[in-house]
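Peer 1: Quick one: structure below, then a few questions.
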Amino acid sequence: MARSVRRMSKKSGLSPGTLMHVGEQKEEQVKISVIDYDEGRVEERRIAKVEESFGYLDMDTVTWLNIDGLHQVDIVEKIGGHYGLHPLVMEDILNTRQRPKIEEHETYVVIIIRMLTYEEETKDLDDEQVSLILGSNFVLSFQEREGDIFDPVRERIRHGKGRIRRMGPDYLAYALLDAVVDEYFPTLERLGDRMEALEQELISRPTVATLNELYDLKRDFLVLRKSVWPLREVMNRLERGESPLIKPETEVFLRDVYDHTIQVIDTVEVYRELVSGMLDTYLSSVSNRMNEVMKVLTIIATIFIPLGFIAGLYGMNFVNMPELQSPWGYYVAVSVMAGLALTMVAYFWRRGWL
Amino acid sequence: MARSVRRMSKKSGLSPGTLMHVGEQKEEQVKISVIDYDEGRVEERRIAKVEESFGYLDMDTVTWLNIDGLHQVDIVEKIGGHYGLHPLVMEDILNTRQRPKIEEHETYVVIIIRMLTYEEETKDLDDEQVSLILGSNFVLSFQEREGDIFDPVRERIRHGKGRIRRMGPDYLAYALLDAVVDEYFPTLERLGDRMEALEQELISRPTVATLNELYDLKRDFLVLRKSVWPLREVMNRLERGESPLIKPETEVFLRDVYDHTIQVIDTVEVYRELVSGMLDTYLSSVSNRMNEVMKVLTIIATIFIPLGFIAGLYGMNFVNMPELQSPWGYYVAVSVMAGLALTMVAYFWRRGWL
Amino acid sequence: MARSVRRMSKKSGLSPGTLMHVGEQKEEQVKISVIDYDEGRVEERRIAKVEESFGYLDMDTVTWLNIDGLHQVDIVEKIGGHYGLHPLVMEDILNTRQRPKIEEHETYVVIIIRMLTYEEETKDLDDEQVSLILGSNFVLSFQEREGDIFDPVRERIRHGKGRIRRMGPDYLAYALLDAVVDEYFPTLERLGDRMEALEQELISRPTVATLNELYDLKRDFLVLRKSVWPLREVMNRLERGESPLIKPETEVFLRDVYDHTIQVIDTVEVYRELVSGMLDTYLSSVSNRMNEVMKVLTIIATIFIPLGFIAGLYGMNFVNMPELQSPWGYYVAVSVMAGLALTMVAYFWRRGWL
Amino acid sequence: MARSVRRMSKKSGLSPGTLMHVGEQKEEQVKISVIDYDEGRVEERRIAKVEESFGYLDMDTVTWLNIDGLHQVDIVEKIGGHYGLHPLVMEDILNTRQRPKIEEHETYVVIIIRMLTYEEETKDLDDEQVSLILGSNFVLSFQEREGDIFDPVRERIRHGKGRIRRMGPDYLAYALLDAVVDEYFPTLERLGDRMEALEQELISRPTVATLNELYDLKRDFLVLRKSVWPLREVMNRLERGESPLIKPETEVFLRDVYDHTIQVIDTVEVYRELVSGMLDTYLSSVSNRMNEVMKVLTIIATIFIPLGFIAGLYGMNFVNMPELQSPWGYYVAVSVMAGLALTMVAYFWRRGWL
Amino acid sequence: MARSVRRMSKKSGLSPGTLMHVGEQKEEQVKISVIDYDEGRVEERRIAKVEESFGYLDMDTVTWLNIDGLHQVDIVEKIGGHYGLHPLVMEDILNTRQRPKIEEHETYVVIIIRMLTYEEETKDLDDEQVSLILGSNFVLSFQEREGDIFDPVRERIRHGKGRIRRMGPDYLAYALLDAVVDEYFPTLERLGDRMEALEQELISRPTVATLNELYDLKRDFLVLRKSVWPLREVMNRLERGESPLIKPETEVFLRDVYDHTIQVIDTVEVYRELVSGMLDTYLSSVSNRMNEVMKVLTIIATIFIPLGFIAGLYGMNFVNMPELQSPWGYYVAVSVMAGLALTMVAYFWRRGWL
């Protein structure tokens, strides 16, 4: 959270449209790949210089230019110049702490969404920005890191599976969005598993570490929520199909992604409620255990303090204490003590403390 | 909850419209039954192959095709092909973790709702998806499991009771929806009974098991809520009668189902508030009992610790302790102790601790 | 609450429009009364058979048919047949667990509201359904029990007080609604008194019984709330005067009832907040008392346990303990004890525990 | 709160428009004053009979009739008759427990708002109804009690300060509304001061009285809130200037009052949040102090109970206890005790309990 | 908070439009600077008398008049007179406790927003009002204090960086708004850092001071929230570009500022939730520590009180106590004690208390 704000504050004061990468700085080479296809043919290339891809723009085919890595500002700049992107759009692509949003410009639509991946080993929720530019015959996609999330889409294009090759760039954009939104489900599944594990721990043996993990989980759901609620607006606006770039036959697919988004939101909200319930369980379990501790203390103290008093009484050194002289005195005293102890135990039994 | 997400995550990466059953896998044969009727006649058949039902589509009569069991994907595929369903619709029918929704296509309306049944022995809330396709002269219904919920509707068709035989497929769809929504009432009744039983337990003798049951109940209401709120949207859109497939004379009936849905929502919300109140009762009851325990401890300790001190005082072995030599010393000491104890008891009485 | 759901679940599976009384079964005779009036004359009759009232329908005068008791289904059936009511409307009248609602049919408007009466002796909130049917020249009113709530309206009709005789059936319907809504105020007043009494108890001497009453009260406000929020929608729709059956000059009166409804809602919401605040007070008062108990225990134990130790020290039987032999030993020991006790008391005083 | 409901319940059953004063009954004479002015002249009179003011109605000047005291129903009745007010409007003026509202009638606008004054000595929040009737050339204002709140407006009219004399009755109505709304600021200021004082008390030395005052404050904010939220609707509707009685040049002033209302709402909501926070502070402070108490008890008991046991051990009277015979026995025992005590103290130190 | 209300209450009763500075009174000279530019040239002057700037109004160039300091009412009055501002607008500029708002007048637009700066040393959130007046060829900006926030904008104008010199006053207004909104990010960053520091403290060693700081932080977020929610409305209305003074090409930039505002709101809301979570952590940590304390007490008391009782038993002085005479008595007693202690320790071990 603090991280995302920190990034923004670096830029404050600069002229709008000043391009600067806001995000993790990396050393690796930016990876650029281009796929150009129509119903009949596919051409797939890994290119070193972004200019190599510019020729495809004049063709009727669908061109998908994918950029993995945003730390080389000049690449985005060149693409923006060639595809006629507004400076603020380029700024948004580079500033990787954006809220999901959709912006309709004259000749293209900008869709910015967030991809959330949960790393099971580190228990980290990785939050990455994916920007899509949908034009009349191209789709540009920008990711912060190289990932395999779009591989199934590439696969489908290569082998002409499904309807992807028959349809336009809007369907391609849909397929990419669908890939990102579908990625939320395994993330939710893993968080759900972790939640269930915590719940087991909570019932069997809660510790302060359990509580801290619970708060971590709560925070993860906050981050998820912050990503999916605006995503819903984005999908809703896309699905209503107001842009001429989105063809009517694609709308039904976008509605499907919209439905998935709603399902993600529903699940996040239910999980949030369950986590809140778990916090209550934790507190009442702590409270219950304190109660148990108190009961043990009370039972022991209540039984033995009076007995100790009687023992102390006959430990007094007064010269004239007739009971002490009686040969049965000791036995009477011990019997009284035993009787008292049994009465106490019976009382606790009746109150349900034993 | 986690279960539903897990199902979704299996599919991620597949091409949209890829048919795959997402739900419990079962061994039994899928049951297909067809009822074809108009005002004059009824024909009811149990068929083995779905193709046997396709002839009815060309007739003017109302055809109701009911499928119990979704694990044979090819059956849904064949029906979809014959009735012209969109691939995404077939996917939604098979993916049994859908949120209730309504989709209006050109020649048919898709209604997906959830049926909730509470099993009293297992204390399980069973959550099943029911999909309805309403066409110009047919209704298709898909259930995950064989059930008896639609039997009264069948009965009414067979014997021509009420207006069902005189009206079209939209009325049939209404009757099926009504049957599903009315099923919520016994479910709520049973949950309400369980809640009342828990309340009794809470007042008489709350344990940690009570608390866990309370959380179970809370979770059940969360599931219910997640099902009925979107159901309300579905019914609202149906009742407004925007689809040409729904005739004006059916709208008043749909409004009735809508009213029932609202009533279910109201009840769920009130139950949720009551369960929250019960959690507070539990906590304050635990707190009260801790208070009781503390009081017993305090009373015993406060009375006997000072007495024990006095006894200890005269158990000291100093050579020169004049009181010890006095023949009345012992009696005076015991009297002082008794007086002290009585003072304490009086003090506790005045404070209302006894 | 559970009661209302139980009623609904009895009906599930029946054909819509099947008439069946859902509510308390009673033995008494249903009471039917008819008042027929225009500006010039009034005719008031108590009738045994509902058919006797049917003649008034063809006259230009305003006819008010009031039915007290719904357990004789055939009476409602006959009225419905004569006045042309839809079967679902008759079902709604008989099913006395409806949510307040308004339905505009072609020739009549159906208004269903709930009357809440608080019985001070039993501390019960009695919840009864009142159904009104407003036609072009008649008003039908259905109550579950005989009551005196409509007596002032009858009185005004009989003596021609106010404008009631000069105006149409819409004004009569308004007058009846006004009577029901005004009944909420004494109910709220009594609940408010009970709340104030509880508050006194809470401050002076809270017990578990107080807490239980508080939860009862909270539940009563939940029931009230469930009745008045939909009532507000009903009144709002009436006041906007969209039905041709409601004349413009009546609208200003309906707006007045609407204002009263808002006032009831405001009060219910404020009461709900106050009851929540009282629950917090209860808990913090319990917590405070626990604190008091703990302080007493701590003071006593902290003073006497060290003293007891010193006494025990000189009760040891070592042969060589020089202090024991000293003639001043005892006095020194007692002085040290007294000094220690005073130090402790001073410490507690400084901390504000005494 | 209960008071306002009680008032309403007195009226239930009466014919609508029956005039009856609902509010505190008073003995004093109702005070009637009339100011008649235009740009050129001002006439101000205190009159005994309301009829004396009726002549001004036919003149072109602006007439402001102010009534302090509502317990003489006939005065309101006469005014209503002369100015053509609807009976329900007169009822609303007299029934001083109204929710703030605005009603547009054909020839006049009715504005009912509430004036809240905080009495610092009694710590009472005084809640009074102010009704304004704005006509084409008059403003009627009704207050429950004589007050000085409108004095600055009178002053401005008398001396022709500002633009008030140049503008119409709508500006006068604005000026009166502005005076009432501005009165909320000192009220909020005083409540804020009280809140700050309580906060000091909460940190330094919280008692049960502090808690009760906190609840009083919370209740005051509830009352404030109940008054200002509907006030906002009133101001919003006025500012949008839909009534022909409100001239465009006055709208900008009404917008200013609207802004003030929003500011009052903002402040009330922030105060409510702060009061909730203070309740939490109180509870956690109580909890902290319990913790302190427990620590003292535990430290003392944990140090001295084991020492006491050792002392008790060597106080046993067995004939054969070799340690007792040793000349160093006593010193060894005392050293062991001291060592044990120091270990304990070190342990507590390390845990941060000392 | 209380401060802002106090300011408002001073003015109550005054005629609207009466100019009076509501805010901190200062001694320093008001600083007036004027920048006049078009694409070709820039003129920048620091002036002593506001009249020196009035000549620029008749030129086609863009004039930016910046006023730092509002305590000299006559300066605002002169500007208002020259630029034709409504008296209420001048009042709003001077009354520095305004809620962010936008007002569209005939020839100019008034934008009032708040600038929040967090002072790290004093831990104070400084809240200052910035008023902008956008006219057809000028922008007026008013600040309470001299600050360096607009320096980057000045820099860009001076050196003709970016598009600022090519565009009109609406772009200048945008640039100033952007500067203020961007200032929120470092503020949020600093608050986030403080929150993280507190969180560390909370886990390691929470004290009452931590709690108080937490409440301070909560209060700061309340203030922030009160500023940014209305700011969002302001930006939303600006971005929709309804005013003719805002040119279409500027709208995309305003949308960018709007997006930043949304991001600020999101962050504030998430921080608020996190702070609430931290309060819960604090309470459960206090509760946990009490539990620890209780356990130590219970373990010690439960082990030693019974042992002490046995020791006391054999410290009794009855003449006939056979065990005392036995030569092994002492060793048996000590063994029994040791056995008892070990049993207790084992019991605690099994319960997980050790």
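Residues in the structure tokens are numbered from 1 in each chain, the chains being A, B, ... in the order shown, and ligands are numbered from 1 in the order shown.
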Assign secondary structure with DSSP using the backbone only, and return the residues of segment 8-108 of chain B in alpha helix (DSSP H) as a list in words.
Peer 2: Met8, Ser9, Lys10, Lys11, Val73, Asp74, Ile75, Val76, Glu77, Lys78, Ile79, Gly80, Gly81, His82, Tyr83, Pro87, Leu88, Val89, Met90, Glu91, Asp92, Ile93 and Leu94 of chain B
Peer 1: Using only C-alpha atoms and a distance of at most 10 Å, pull out the residues of chain A that contact chain C, as a compact mmCIF listing (two decimals) with C-alpha atoms, in the first residue's frame.
Peer 2:
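selection30.txt, freshly written:
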# COMPACT_ATOMS: atom_id res chain seq x y z
CA GLY A 312 -2.64 -22.31 60.59
CA GLY A 315 -0.31 -24.07 64.46
CA MET A 316 -0.77 -21.16 66.88
CA ASN A 317 1.33 -21.31 70.02
Peer 1: Pick out the residues sitting within 6 Å of segment 119-131 of chain A, and hand them over as an MDAnalysis selection string; count only C-alpha atoms, and ignore anything fewer than 3 positions along from it in its own chain.
Peer 2: chainID A and resid 96 111:116 141:143
Peer 1: Can you list, as a PyMOL selection string, every protein, DNA or RNA residue that comes within 7 Å of Ala173 of chain A when you count only C-alpha atoms, leaving out same-chain residues fewer than 3 positions away?
Peer 2: chain A and resi 134+139+169-170+176-177
Peer 1: For the residues in the current selection, export N, CA and C atoms as an mmCIF file, in the first residue's frame.
Peer 2:
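Okay, out_5.cif is ready:
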data_model
loop_
_atom_site.group_PDB
_atom_site.id
_atom_site.type_symbol
_atom_site.label_atom_id
_atom_site.label_comp_id
_atom_site.auth_asym_id
_atom_site.auth_seq_id
_atom_site.Cartn_x
_atom_site.Cartn_y
_atom_site.Cartn_z
ATOM 1 N N LEU A 134 -6.545 -1.129 -27.326
ATOM 2 C CA LEU A 134 -7.274 -1.776 -28.405
ATOM 3 C C LEU A 134 -7.512 -0.760 -29.516
ATOM 4 N N VAL A 139 -3.788 -4.755 -31.089
ATOM 5 C CA VAL A 139 -3.880 -4.754 -29.628
ATOM 6 C C VAL A 139 -2.460 -4.638 -29.105
ATOM 7 N N PRO A 169 -9.636 -7.696 -33.402
ATOM 8 C CA PRO A 169 -8.807 -7.338 -32.254
ATOM 9 C C PRO A 169 -9.618 -7.200 -30.972
ATOM 10 N N ASP A 170 -10.916 -6.863 -31.086
ATOM 11 C CA ASP A 170 -11.721 -6.743 -29.872
ATOM 12 C C ASP A 170 -11.835 -8.093 -29.172
ATOM 13 N N LEU A 176 -7.499 -11.665 -23.747
ATOM 14 C CA LEU A 176 -6.452 -11.282 -22.799
ATOM 15 C C LEU A 176 -7.051 -10.903 -21.447
ATOM 16 N N LEU A 177 -8.142 -10.124 -21.485
ATOM 17 C CA LEU A 177 -8.833 -9.752 -20.252
ATOM 18 C C LEU A 177 -9.310 -10.998 -19.521
#
Peer 1: If we count only C-alpha atoms, what is near Asp148 of chain B at a cut-off of 12 Å, once residues fewer than 6 positions away on the same chain are taken out, given as number ranges by chain?
Peer 2: B: 68, 117, 154-155, 176, 179-180, 183; C: 13
Peer 1: How many Å separate atom CA of Pro248 of chain C from atom CA of His86 of chain D?
Peer 2: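 Going from atom CA of Pro248 of chain C over to atom CA of His86 of chain D, I get 14.1 Å.
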Peer 1: Please list as a list in words every residue within 8 Å of Leu324 of chain E, counting only C-alpha atoms and excluding residues in the same chain fewer than 5 positions away.
Peer 2: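 Listing them by chain and then by number gives Asn317, Phe318 and Val319 of chain D; Tyr314, Gly329 and Tyr330 of chain E.
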Peer 1: I need the residues of segment 24-81 of chain A that end up classed as strand (DSSP E) by DSSP on the backbone, written out as a PyMOL selection string.
Peer 2: chain A and resi 31-37+42-47+62-68
Peer 1: For Val296 of chain C, list every protein, DNA or RNA residue within 8 Å, evaluated using only C-alpha atoms, and leave out those in the same chain fewer than 3 positions away; present the list as a list in words.
Peer 2: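 Close residues of Val296 of chain C: Thr298 and Thr302 of chain B; Glu292, Val293, Ile299 and Ile300 of chain C.
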Peer 1: Which is closest to Gln263 of chain D among D:Met344, D:Val181, D:Val286, D:Val275, if we use only C-alpha atoms?
Peer 2: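 Smallest distance to Gln263 of chain D is found for D:Val181.
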